[in-house]
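What follows is the content of query.txt, which has compact mmCIF, C-alpha atoms and all ligand atoms:
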# COMPACT_ATOMS: atom_id res chain seq x y z
CA MET K 1 27.86 -85.83 114.08
CA LEU K 2 26.09 -82.50 114.46
CA SER K 3 22.39 -82.21 115.21
CA VAL K 4 20.20 -80.47 112.66
CA GLU K 5 19.87 -77.42 114.92
CA GLU K 6 23.60 -77.19 115.61
CA ALA K 7 24.54 -77.63 111.99
CA ARG K 8 21.94 -75.15 110.81
CA GLN K 9 22.92 -72.51 113.34
CA GLN K 10 26.60 -72.94 112.53
CA MET K 11 25.84 -72.70 108.84
CA LEU K 12 23.51 -69.70 109.08
CA GLU K 13 26.05 -67.72 111.12
CA SER K 14 28.52 -67.94 108.25
CA ILE K 15 26.03 -67.13 105.47
CA PRO K 16 26.63 -63.65 104.02
CA VAL K 17 23.81 -61.19 103.33
CA LEU K 18 24.17 -60.02 99.75
CA PRO K 19 24.80 -56.39 98.79
CA THR K 20 21.92 -54.07 97.98
CA GLU K 21 20.72 -52.72 94.66
CA LYS K 22 18.14 -50.18 93.49
CA ARG K 23 15.06 -51.73 91.90
CA GLY K 24 12.10 -50.15 90.21
CA ILE K 25 8.71 -50.47 91.87
CA LEU K 26 7.52 -53.02 89.31
CA GLU K 27 10.57 -55.24 89.78
CA CYS K 28 10.77 -55.46 93.55
CA THR K 29 8.01 -57.85 94.63
CA GLY K 30 9.46 -60.53 96.92
CA TYR K 31 12.65 -58.55 97.60
CA VAL K 32 13.64 -57.38 101.07
CA LEU K 33 13.85 -53.65 101.69
CA ALA K 34 17.31 -52.33 102.62
CA GLU K 35 16.42 -48.72 103.48
CA GLU K 36 13.87 -46.69 105.42
CA LEU K 37 11.03 -45.32 103.33
CA HIS K 38 9.64 -42.03 104.57
CA ALA K 39 6.45 -40.26 103.60
CA LYS K 40 7.27 -37.15 101.60
CA GLU K 41 3.57 -36.28 101.50
CA ASN K 42 0.53 -36.80 103.71
CA ILE K 43 -1.68 -39.76 102.84
CA PRO K 44 -4.37 -38.84 102.09
CA PRO K 45 -3.11 -35.43 100.94
CA PHE K 46 -6.42 -33.64 101.75
CA ASP K 47 -9.63 -34.20 103.73
CA ASN K 48 -11.99 -36.15 101.51
CA SER K 49 -15.28 -38.00 101.47
CA ALA K 50 -15.43 -41.71 102.29
CA MET K 51 -18.84 -42.01 100.61
CA ASP K 52 -20.89 -40.88 97.68
CA GLY K 53 -23.34 -38.47 99.31
CA PHE K 54 -23.73 -34.91 100.51
CA ALA K 55 -21.25 -32.77 102.41
CA VAL K 56 -23.14 -30.92 105.14
CA LEU K 57 -22.83 -29.11 108.43
CA SER K 58 -23.60 -31.82 111.00
CA THR K 59 -25.45 -29.25 113.15
CA ASP K 60 -27.89 -28.65 110.25
CA VAL K 61 -29.07 -32.27 110.23
CA LYS K 62 -28.93 -33.25 113.88
CA ASP K 63 -32.74 -33.35 114.27
CA THR K 64 -33.62 -34.79 110.89
CA SER K 65 -35.69 -37.97 110.49
CA LYS K 66 -37.44 -40.10 107.90
CA GLU K 67 -40.77 -38.50 108.73
CA ASN K 68 -39.46 -34.98 109.11
CA PRO K 69 -36.45 -34.60 106.79
CA VAL K 70 -34.28 -31.53 106.77
CA ILE K 71 -34.12 -30.04 103.27
CA LEU K 72 -30.86 -28.45 102.10
CA SER K 73 -30.06 -26.62 98.90
CA VAL K 74 -27.36 -28.23 96.78
CA ILE K 75 -24.77 -25.65 95.73
CA GLU K 76 -22.38 -27.73 93.61
CA THR K 77 -21.21 -31.24 92.73
CA ILE K 78 -17.66 -32.23 93.67
CA ALA K 79 -16.21 -35.15 91.72
CA ALA K 80 -13.07 -37.09 92.71
CA GLY K 81 -10.08 -35.29 91.29
CA TYR K 82 -11.50 -31.77 91.48
CA ALA K 83 -11.33 -29.05 94.09
CA PRO K 84 -14.57 -27.59 95.47
CA GLU K 85 -15.34 -24.07 94.32
CA LYS K 86 -17.80 -23.01 96.98
CA GLN K 87 -18.05 -22.91 100.73
CA VAL K 88 -20.97 -24.76 102.33
CA SER K 89 -22.99 -22.59 104.71
CA SER K 90 -25.87 -23.46 106.99
CA GLY K 91 -28.89 -24.66 104.99
CA GLN K 92 -26.66 -25.85 102.14
CA ALA K 93 -25.05 -29.09 100.98
CA ALA K 94 -22.59 -30.10 98.26
CA ARG K 95 -23.07 -33.29 96.28
CA ILE K 96 -19.78 -35.17 96.79
CA MET K 97 -18.25 -38.38 95.41
CA THR K 98 -16.02 -40.87 97.21
CA GLY K 99 -12.47 -39.52 97.37
CA ALA K 100 -13.50 -35.98 96.42
CA MET K 101 -12.11 -33.09 98.43
CA MET K 102 -14.26 -31.86 101.31
CA PRO K 103 -15.56 -28.33 100.77
CA ASP K 104 -14.89 -25.63 103.37
CA GLY K 105 -17.72 -25.25 105.85
CA ALA K 106 -18.91 -28.85 105.73
CA ASP K 107 -17.86 -31.20 108.53
CA ALA K 108 -19.58 -34.47 107.63
CA VAL K 109 -20.96 -36.46 104.72
CA VAL K 110 -24.45 -37.96 104.61
CA MET K 111 -24.44 -41.05 102.47
CA GLN K 112 -26.53 -40.95 99.36
CA GLU K 113 -28.63 -43.98 100.40
CA VAL K 114 -30.36 -41.94 103.16
CA THR K 115 -31.12 -38.91 100.99
CA GLU K 116 -33.41 -37.95 98.15
CA LEU K 117 -32.33 -35.39 95.53
CA ILE K 118 -35.04 -33.44 93.78
CA ASP K 119 -33.72 -30.79 91.39
CA ASP K 120 -31.30 -28.73 93.49
CA GLU K 121 -32.72 -29.70 96.84
CA VAL K 122 -31.82 -32.70 98.94
CA ARG K 123 -33.89 -34.31 101.69
CA ILE K 124 -31.79 -35.80 104.47
CA PHE K 125 -33.41 -38.73 106.31
CA GLU K 126 -30.67 -39.53 108.83
CA ASN K 127 -28.39 -37.38 110.93
CA VAL K 128 -24.57 -37.63 110.94
CA GLU K 129 -22.01 -36.95 113.62
CA ARG K 130 -19.34 -34.34 113.08
CA ASN K 131 -16.47 -35.90 111.01
CA GLU K 132 -18.62 -38.87 109.96
CA ASN K 133 -17.67 -40.30 106.54
CA VAL K 134 -14.71 -37.94 106.27
CA ARG K 135 -11.16 -39.20 105.69
CA PHE K 136 -8.64 -36.77 107.08
CA THR K 137 -5.35 -35.47 105.74
CA GLY K 138 -2.53 -37.73 106.93
CA GLU K 139 -4.96 -40.22 108.49
CA SER K 140 -3.08 -43.16 106.91
CA VAL K 141 0.44 -41.70 106.98
CA ASN K 142 1.84 -38.32 108.02
CA LYS K 143 4.46 -36.46 106.05
CA GLY K 144 7.86 -37.37 107.51
CA ASP K 145 6.74 -40.70 109.01
CA CYS K 146 9.01 -43.72 108.57
CA VAL K 147 6.57 -46.09 106.90
CA MET K 148 8.78 -49.12 106.18
CA SER K 149 12.13 -50.18 107.63
CA PRO K 150 14.99 -52.37 106.38
CA GLY K 151 14.08 -56.06 106.54
CA LYS K 152 10.51 -55.52 105.36
CA VAL K 153 9.55 -58.03 102.70
CA LEU K 154 8.01 -56.22 99.74
CA ARG K 155 4.66 -57.94 99.21
CA PRO K 156 1.82 -56.45 97.18
CA PRO K 157 0.66 -54.19 100.07
CA GLU K 158 4.19 -52.76 100.42
CA VAL K 159 4.42 -52.18 96.66
CA SER K 160 1.09 -50.36 96.82
CA MET K 161 2.38 -48.31 99.77
CA MET K 162 5.55 -47.45 97.83
CA ALA K 163 3.34 -46.01 95.10
CA SER K 164 1.32 -44.06 97.70
CA LEU K 165 4.62 -42.65 98.93
CA ASN K 166 5.58 -41.61 95.39
CA CYS K 167 8.52 -43.99 95.63
CA ALA K 168 9.37 -45.25 92.13
CA GLU K 169 12.36 -47.30 93.26
CA ALA K 170 13.82 -48.70 96.43
CA SER K 171 17.06 -50.10 97.73
CA VAL K 172 16.66 -53.86 98.28
CA TYR K 173 18.94 -56.81 99.01
CA ARG K 174 20.01 -58.73 95.93
CA LYS K 175 18.52 -62.16 95.46
CA PRO K 176 21.12 -64.91 95.24
CA LYS K 177 22.15 -66.34 91.89
CA VAL K 178 22.54 -70.03 92.62
CA ALA K 179 24.52 -72.45 90.43
CA ILE K 180 23.21 -76.02 90.44
CA VAL K 181 25.29 -79.07 89.52
CA SER K 182 24.32 -82.72 89.60
CA THR K 183 27.15 -85.21 90.03
CA GLY K 184 27.23 -88.84 88.98
CA ASP K 185 28.23 -90.94 85.97
CA GLU K 186 24.86 -92.68 86.12
CA LEU K 187 22.87 -89.53 85.39
CA THR K 188 21.11 -89.15 82.07
CA PRO K 189 19.61 -85.86 80.91
CA LEU K 190 15.95 -85.77 79.87
CA GLY K 191 15.21 -86.98 76.36
CA GLU K 192 18.16 -89.37 76.04
CA PRO K 193 17.48 -93.12 76.22
CA LEU K 194 18.58 -94.82 79.46
CA LYS K 195 21.57 -97.14 79.03
CA PRO K 196 21.93 -100.09 81.43
CA GLY K 197 22.83 -98.84 84.89
CA ARG K 198 21.78 -95.27 84.17
CA ILE K 199 19.00 -93.22 85.77
CA ARG K 200 17.38 -89.87 85.13
CA ASP K 201 18.92 -86.79 86.71
CA SER K 202 15.93 -85.71 88.76
CA ASN K 203 17.66 -83.72 91.50
CA ARG K 204 18.91 -80.90 89.31
CA TYR K 205 15.36 -80.08 88.28
CA GLY K 206 13.97 -80.42 91.79
CA ILE K 207 16.69 -78.17 93.21
CA PHE K 208 16.12 -75.67 90.39
CA ALA K 209 12.45 -75.49 91.37
CA GLN K 210 13.30 -75.20 95.08
CA VAL K 211 15.69 -72.31 94.40
CA GLN K 212 12.95 -70.55 92.44
CA ASN K 213 10.47 -71.12 95.27
CA ALA K 214 12.95 -69.77 97.80
CA GLY K 215 13.25 -66.57 95.78
CA GLY K 216 16.70 -67.34 94.34
CA MET K 217 17.78 -67.22 90.73
CA PRO K 218 18.89 -70.70 89.61
CA VAL K 219 21.69 -71.17 87.10
CA ASP K 220 21.76 -74.66 85.58
CA MET K 221 25.36 -75.91 85.36
CA GLY K 222 24.51 -79.40 84.13
CA ILE K 223 25.92 -82.76 85.18
CA ALA K 224 29.45 -83.31 86.50
CA PRO K 225 30.87 -86.81 85.98
CA ASP K 226 32.46 -88.66 88.92
CA ASP K 227 35.85 -87.25 88.01
CA GLU K 228 37.77 -84.82 90.17
CA ALA K 229 39.33 -82.71 87.45
CA GLU K 230 36.10 -82.19 85.55
CA THR K 231 34.14 -81.58 88.75
CA GLU K 232 36.71 -78.98 89.78
CA ARG K 233 36.39 -77.22 86.44
CA ILE K 234 32.60 -77.07 86.74
CA PHE K 235 32.75 -75.88 90.37
CA ARG K 236 35.16 -73.07 89.44
CA GLU K 237 32.94 -71.95 86.59
CA SER K 238 29.86 -72.14 88.85
CA ILE K 239 31.40 -70.05 91.61
CA ALA K 240 32.60 -67.45 89.11
CA ASN K 241 29.02 -67.03 87.86
CA ALA K 242 26.94 -67.21 91.00
CA ASP K 243 26.59 -66.21 94.67
CA ALA K 244 26.25 -69.81 95.87
CA LEU K 245 26.65 -73.36 94.58
CA ILE K 246 24.40 -76.33 95.21
CA THR K 247 25.57 -79.79 94.21
CA SER K 248 23.78 -83.10 94.37
CA GLY K 249 25.39 -86.47 95.04
CA GLY K 250 28.99 -87.46 95.59
CA VAL K 251 29.19 -86.45 99.27
CA SER K 252 29.14 -89.91 100.80
CA VAL K 253 31.98 -92.34 101.44
CA GLY K 254 31.87 -94.10 98.05
CA GLU K 255 35.01 -94.40 95.95
CA HIS K 256 33.61 -91.98 93.41
CA ASP K 257 32.32 -89.36 95.83
CA VAL K 258 34.55 -86.49 94.74
CA VAL K 259 32.55 -83.45 95.87
CA LYS K 260 34.19 -83.16 99.30
CA ASN K 261 37.72 -83.39 97.88
CA VAL K 262 37.04 -80.73 95.30
CA LEU K 263 35.39 -78.49 97.88
CA MET K 264 38.39 -78.83 100.22
CA LYS K 265 40.79 -78.15 97.36
CA LEU K 266 39.02 -75.01 96.11
CA GLY K 267 37.84 -73.66 99.45
CA GLN K 268 36.93 -75.11 102.79
CA MET K 269 34.49 -77.66 104.12
CA ASN K 270 32.73 -76.85 107.40
CA PHE K 271 30.70 -80.00 108.04
CA TRP K 272 29.54 -82.92 106.07
CA ARG K 273 27.63 -85.21 108.42
CA VAL K 274 24.40 -84.23 110.17
CA ALA K 275 22.38 -86.60 112.37
CA MET K 276 19.25 -86.66 110.28
CA LYS K 277 17.37 -89.05 108.09
CA PRO K 278 16.94 -88.69 105.21
CA GLY K 279 20.22 -86.99 104.47
CA LYS K 280 23.13 -87.81 106.79
CA PRO K 281 25.94 -87.16 104.31
CA GLN K 282 25.85 -83.60 103.15
CA ALA K 283 28.64 -81.11 102.74
CA TYR K 284 28.58 -77.46 103.66
CA GLY K 285 31.50 -75.20 102.91
CA GLU K 286 32.61 -72.21 100.94
CA ILE K 287 34.67 -71.25 97.94
CA ASP K 288 35.80 -67.62 97.52
CA GLY K 289 33.51 -66.66 100.42
CA LYS K 290 30.49 -68.08 98.59
CA PRO K 291 28.46 -70.82 100.26
CA VAL K 292 28.57 -74.32 98.79
CA PHE K 293 25.85 -76.80 99.70
CA GLY K 294 26.65 -80.43 98.86
CA LEU K 295 23.30 -82.18 98.96
CA PRO K 296 23.04 -85.97 99.14
CA GLY K 297 22.24 -87.82 95.92
CA ASN K 298 19.15 -89.67 97.04
CA PRO K 299 16.23 -87.66 95.69
CA VAL K 300 14.25 -87.42 98.95
CA SER K 301 17.39 -86.55 100.92
CA SER K 302 18.33 -83.86 98.44
CA LEU K 303 14.91 -82.20 98.61
CA VAL K 304 14.61 -82.47 102.41
CA VAL K 305 18.14 -81.21 103.13
CA PHE K 306 17.48 -78.27 100.81
CA GLU K 307 14.30 -77.53 102.70
CA LEU K 308 15.93 -77.63 106.14
CA PHE K 309 19.29 -76.02 105.34
CA VAL K 310 19.56 -74.38 101.94
CA ARG K 311 16.23 -72.60 101.90
CA PRO K 312 16.91 -70.64 105.11
CA ALA K 313 20.42 -69.88 103.88
CA LEU K 314 19.17 -68.46 100.58
CA LEU K 315 16.57 -66.43 102.46
CA LYS K 316 19.31 -64.99 104.69
CA MET K 317 21.39 -64.07 101.64
CA ALA K 318 18.40 -62.18 100.25
CA GLY K 319 18.05 -60.15 103.46
CA HIS K 320 15.21 -62.06 105.13
CA THR K 321 15.22 -62.40 108.90
CA ASP K 322 12.35 -64.88 109.20
CA LEU K 323 14.22 -67.92 107.91
CA LEU K 324 12.51 -71.07 109.17
CA ARG K 325 9.08 -72.39 108.42
CA PRO K 326 6.82 -72.38 111.46
CA SER K 327 6.44 -75.71 113.24
CA PHE K 328 3.25 -76.81 114.94
CA LYS K 329 1.74 -79.82 116.68
CA ALA K 330 0.00 -82.59 114.76
CA VAL K 331 -1.80 -85.71 115.93
CA LEU K 332 -0.51 -88.98 114.47
CA ALA K 333 -3.05 -91.03 112.53
CA ALA K 334 -1.00 -94.24 113.00
CA ASP K 335 1.88 -95.62 115.09
CA VAL K 336 5.36 -94.43 114.11
CA THR K 337 8.75 -95.74 115.22
CA ASN K 338 12.24 -94.38 114.59
CA LYS K 339 14.81 -97.02 115.52
CA ASP K 340 17.58 -94.93 114.03
CA GLY K 341 20.08 -92.85 115.99
CA ARG K 342 19.15 -89.87 113.85
CA VAL K 343 16.09 -87.65 113.85
CA ASN K 344 13.74 -88.79 111.11
CA TYR K 345 11.85 -86.32 108.92
CA MET K 346 8.92 -88.34 107.67
CA ARG K 347 6.87 -87.24 104.72
CA ALA K 348 3.27 -86.69 105.71
CA ILE K 349 -0.11 -85.42 104.64
CA LEU K 350 -1.21 -82.80 107.15
CA THR K 351 -4.90 -82.01 107.25
CA GLU K 352 -6.93 -79.90 109.63
CA GLU K 353 -9.79 -81.71 111.32
CA ASN K 354 -11.87 -80.24 114.17
CA GLY K 355 -9.32 -77.57 114.95
CA GLN K 356 -6.24 -79.80 115.04
CA TYR K 357 -3.78 -81.09 112.49
CA ILE K 358 -3.74 -84.79 111.70
CA ALA K 359 -0.56 -86.33 110.24
CA LYS K 360 -0.64 -89.38 107.99
CA THR K 361 2.68 -90.62 106.62
CA THR K 362 2.85 -91.18 102.88
CA GLY K 363 3.83 -94.85 102.67
CA PRO K 364 7.35 -96.20 102.15
CA GLN K 365 9.85 -93.65 103.43
CA GLY K 366 13.10 -94.77 101.75
CA SER K 367 15.32 -91.86 100.79
CA GLY K 368 15.12 -92.89 97.15
CA ILE K 369 11.32 -92.99 97.09
CA LEU K 370 10.53 -89.62 95.59
CA HIS K 371 6.84 -90.47 95.46
CA SER K 372 6.70 -90.20 99.28
CA LEU K 373 7.36 -86.45 98.83
CA VAL K 374 5.07 -86.02 95.85
CA LEU K 375 2.20 -87.27 98.00
CA ALA K 376 3.16 -85.13 101.01
CA ASN K 377 2.42 -81.54 101.98
CA GLY K 378 4.59 -81.56 105.10
CA LEU K 379 7.19 -83.21 107.27
CA ILE K 380 6.83 -84.61 110.76
CA THR K 381 9.82 -84.81 113.09
CA ILE K 382 10.42 -88.12 114.88
CA PRO K 383 13.36 -87.86 117.32
CA SER K 384 15.97 -90.62 117.30
CA GLY K 385 14.85 -93.80 119.02
CA ALA K 386 11.32 -92.49 119.61
CA SER K 387 8.09 -94.46 119.26
CA PHE K 388 4.70 -92.83 119.06
CA HIS K 389 1.24 -94.35 119.05
CA ALA K 390 -1.68 -93.19 116.96
CA GLY K 391 -3.25 -90.17 118.70
CA GLU K 392 0.05 -88.92 120.12
CA ILE K 393 1.42 -85.53 119.19
CA VAL K 394 4.47 -84.77 117.03
CA GLU K 395 6.09 -81.63 115.60
CA ALA K 396 5.12 -80.87 112.02
CA GLN K 397 5.81 -78.31 109.34
CA PHE K 398 4.44 -77.59 105.93
CA LEU K 399 6.63 -77.92 102.87
CA ASP K 400 4.99 -75.07 101.01
P1 LIG X 501 25.56 -90.56 95.73
O1 LIG X 501 25.42 -89.72 96.95
O2 LIG X 501 26.21 -89.83 94.61
O3 LIG X 501 26.21 -91.85 96.05
O4 LIG X 501 24.09 -90.88 95.27
C1 LIG X 501 23.20 -91.57 96.11
C2 LIG X 501 22.02 -92.09 95.31
O5 LIG X 501 21.33 -91.02 94.71
C3 LIG X 501 22.43 -93.01 94.17
O6 LIG X 501 21.45 -94.01 94.06
C4 LIG X 501 22.39 -92.10 92.99
O7 LIG X 501 22.20 -92.78 91.79
C5 LIG X 501 21.24 -91.20 93.31
N1 LIG X 501 21.39 -89.89 92.66
C6 LIG X 501 22.50 -89.13 92.71
N2 LIG X 501 22.32 -88.00 92.00
C7 LIG X 501 21.06 -88.05 91.52
C8 LIG X 501 20.30 -87.17 90.71
N3 LIG X 501 20.79 -86.02 90.28
N4 LIG X 501 19.03 -87.53 90.40
C9 LIG X 501 18.52 -88.71 90.86
N5 LIG X 501 19.20 -89.56 91.63
C10 LIG X 501 20.46 -89.26 91.95
MG MG X 502 27.21 -90.31 92.96
So that I can check it, write out the structure of this file as structure tokens.
Amino acid sequence: MLSVEEARQQMLESIPVLPTEKRGILECTGYVLAEELHAKENIPPFDNSAMDGFAVLSTDVKDTSKENPVILSVIETIAAGYAPEKQVSSGQAARIMTGAMMPDGADAVVMQEVTELIDDEVRIFENVERNENVRFTGESVNKGDCVMSPGKVLRPPEVSMMASLNCAEASVYRKPKVAIVSTGDELTPLGEPLKPGRIRDSNRYGIFAQVQNAGGMPVDMGIAPDDEAETERIFRESIANADALITSGGVSVGEHDVVKNVLMKLGQMNFWRVAMKPGKPQAYGEIDGKPVFGLPGNPVSSLVVFELFVRPALLKMAGHTDLLRPSFKAVLAADVTNKDGRVNYMRAILTEENGQYIAKTTGPQGSGILHSLVLANGLITIPSGASFHAGEIVEAQFLD
């Protein structure tokens, strides 16, 4: 059996990064940049005022004070969006608004709050240094600079920067289209009454939501019965319509667990057992070069295996390089034992108290007890065979 780290590394090495596409600036949030973006203009494009106030010669006001203000004559008002028409000479000032272009001659701006304007004269109560309250051409970005490189995730600041750079579209990595199939004769879609022996298909919806959260585009392919021929048909259709396939259930050793057989028939299976709990049986493979993730059927296992394996894989497909959630130390609130030979990912509530994280497990941890995840905001890692007392430290990670 492979360890989680071995299996994940092996899997991630074989995950393809998807091709790139051009996207408009309003449709690229959350995508990963696939090209360098250069500044074709200076930002800001001209020297301008950082304040509403008066553009002056700093030497004119160096000896001014509240008691003995320098008085300057105001020669024009410069609003944002307009070019100054006059040059400021000694003894003069120009009224200037934030973002307005600095007039020739002036080398600083006195903020309005320390001035008094009477008709066309202004009293200056405080001095300014040369360059004070002036924003210079190219101070943020210089023409020709490489501002963003491939691999940069386009968050709101990057989108704003794209606009500053006059960049209406960018080349980004495609986000994966991910087909989702639940398997199992016992599964009943929402809305239908439950017959004896049947349960709700919860995994398909949970996986759908996880794919959305991981930035993928889920494609619901419904429920496959425990029948090889029908499962094969649905897998073929899924792979034809998506970049990856996620299945739930049918990867264990039961008589009706057909997912592995179908995967081996249509493509190849790379591993199917990982030493972790919840979630030992899981299949990873590929069909037509597209990754196939066979998640276990138990609802907690399905969600946890997605979190530890599928999420980083989908992120890699979309061009991300930061694939794993950060892990950190947390102090146990109660004793915890893992008698199993597999690492145990326990569902926990992680809270910050006095500068450290405290981990409380969320009650019964069976892999079918979905409520243990609903109550949790994180996972704690308990190595195989380990026992910890309350107050001892374990590795933890958030789930969202
Ligand atoms: P399996 O791996 O197919 O043997 O399923 C393991 C357990 O998970 C069984 O109790 C199944 O009934 C349950 N299960 C499988 N698929 C789902 C699903 N889509 N939603 C909820 N439970 C499921
Ligand atoms: Mg099944």
Produce a table with one row for each residue of chain K that has an atom at most 12 Å from any atom of ligand MG 502 (chain X), each row naming the nearest atom pair and its distance in Å at one decimal; use all atoms listed in the file; arrange rows by chain and rising residue number; format as CSV.
residue,atom,partner,partner_atom,distance
K:Val181,CA,X:MG502,MG,11.9
K:Ser182,CA,X:MG502,MG,8.8
K:Thr183,CA,X:MG502,MG,5.9
K:Gly184,CA,X:MG502,MG,4.2
K:Asp185,CA,X:MG502,MG,7.1
K:Glu186,CA,X:MG502,MG,7.6
K:Leu187,CA,X:MG502,MG,8.8
K:Arg198,CA,X:MG502,MG,11.5
K:Ile199,CA,X:MG502,MG,11.3
K:Asp201,CA,X:MG502,MG,11.0
K:Asn203,CA,X:MG502,MG,11.7
K:Ile223,CA,X:MG502,MG,10.9
K:Ala224,CA,X:MG502,MG,9.8
K:Pro225,CA,X:MG502,MG,8.6
K:Asp226,CA,X:MG502,MG,6.8
K:Asp227,CA,X:MG502,MG,10.4
K:Thr231,CA,X:MG502,MG,11.9
K:Thr247,CA,X:MG502,MG,10.7
K:Ser248,CA,X:MG502,MG,8.1
K:Gly249,CA,X:MG502,MG,4.7
K:Gly250,CA,X:MG502,MG,4.3
K:Val251,CA,X:MG502,MG,7.7
K:Ser252,CA,X:MG502,MG,8.1
K:Val253,CA,X:MG502,MG,9.9
K:Gly254,CA,X:MG502,MG,7.9
K:Glu255,CA,X:MG502,MG,9.3
K:His256,CA,X:MG502,MG,6.6
K:Asp257,CA,X:MG502,MG,5.9
K:Val258,CA,X:MG502,MG,8.5
K:Val259,CA,X:MG502,MG,9.2
K:Lys260,CA,X:MG502,MG,11.8
K:Pro281,CA,X:MG502,MG,11.8
K:Gly294,CA,X:MG502,MG,11.5
K:Leu295,CA,X:MG502,MG,10.8
K:Pro296,CA,X:MG502,MG,8.6
K:Gly297,CA,X:MG502,MG,6.3
K:Asn298,CA,X:MG502,MG,9.1
K:Pro299,CA,X:MG502,MG,11.6
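Closest approach to ligand LIG 501 (chain X) from the set K:Pro291, K:Pro45, K:Gly368, K:Pro157 is made by K:Gly368, with distances taken over all atoms listed in the file.
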What are the nearest atom pairs, with distances in Å to one decimal, for all residues of stretch 248-317 of chain K that come at most 7 Å from stretch 333-354 of chain K, using all atoms listed in the file, set out by chain and rising residue number as CSV?
residue,atom,partner,partner_atom,distance
K:Ala275,CA,K:Arg342,CA,4.8
K:Met276,CA,K:Arg342,CA,4.8
K:Lys277,CA,K:Asn344,CA,4.7
K:Pro278,CA,K:Asn344,CA,6.7
Subject >> Surrounding residues of K:Asn48 excluding itself and chain neighbours under 4 positions, 9 Å, only C-alpha atoms, as a ChimeraX atom specification >> reply: /K:44,80,98-103,133-137
Subject >> Residue neighbourhood stretch 206-222 of chain K, 9 Å, all atoms listed in the file, exclusion window fewer than 5 positions, as a ChimeraX atom specification >> reply: /K:30-31,175-183,189,234-235,237-238,241-242,246,248,299,302-303,306-307,310-312,314-315,318,400
Just write the chosen residues, C-alpha atoms, as a CSV table (one decimal), in the coordinates of the input.
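selection_7.csv, written as the output of this step:
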chain,number,residue,atom,x,y,z
K,30,GLY,CA,9.5,-60.5,96.9
K,31,TYR,CA,12.6,-58.6,97.6
K,175,LYS,CA,18.5,-62.2,95.5
K,176,PRO,CA,21.1,-64.9,95.2
K,177,LYS,CA,22.2,-66.3,91.9
K,178,VAL,CA,22.5,-70.0,92.6
K,179,ALA,CA,24.5,-72.4,90.4
K,180,ILE,CA,23.2,-76.0,90.4
K,181,VAL,CA,25.3,-79.1,89.5
K,182,SER,CA,24.3,-82.7,89.6
K,183,THR,CA,27.2,-85.2,90.0
K,189,PRO,CA,19.6,-85.9,80.9
K,234,ILE,CA,32.6,-77.1,86.7
K,235,PHE,CA,32.8,-75.9,90.4
K,237,GLU,CA,32.9,-72.0,86.6
K,238,SER,CA,29.9,-72.1,88.8
K,241,ASN,CA,29.0,-67.0,87.9
K,242,ALA,CA,26.9,-67.2,91.0
K,246,ILE,CA,24.4,-76.3,95.2
K,248,SER,CA,23.8,-83.1,94.4
K,299,PRO,CA,16.2,-87.7,95.7
K,302,SER,CA,18.3,-83.9,98.4
K,303,LEU,CA,14.9,-82.2,98.6
K,306,PHE,CA,17.5,-78.3,100.8
K,307,GLU,CA,14.3,-77.5,102.7
K,310,VAL,CA,19.6,-74.4,101.9
K,311,ARG,CA,16.2,-72.6,101.9
K,312,PRO,CA,16.9,-70.6,105.1
K,314,LEU,CA,19.2,-68.5,100.6
K,315,LEU,CA,16.6,-66.4,102.5
K,318,ALA,CA,18.4,-62.2,100.2
K,400,ASP,CA,5.0,-75.1,101.0
Original post:
Which is closest to K:Glu230 among K:Val4, K:Val61, K:Ile78, K:Val262, if we use only C-alpha atoms?
Top reply: K:Val262
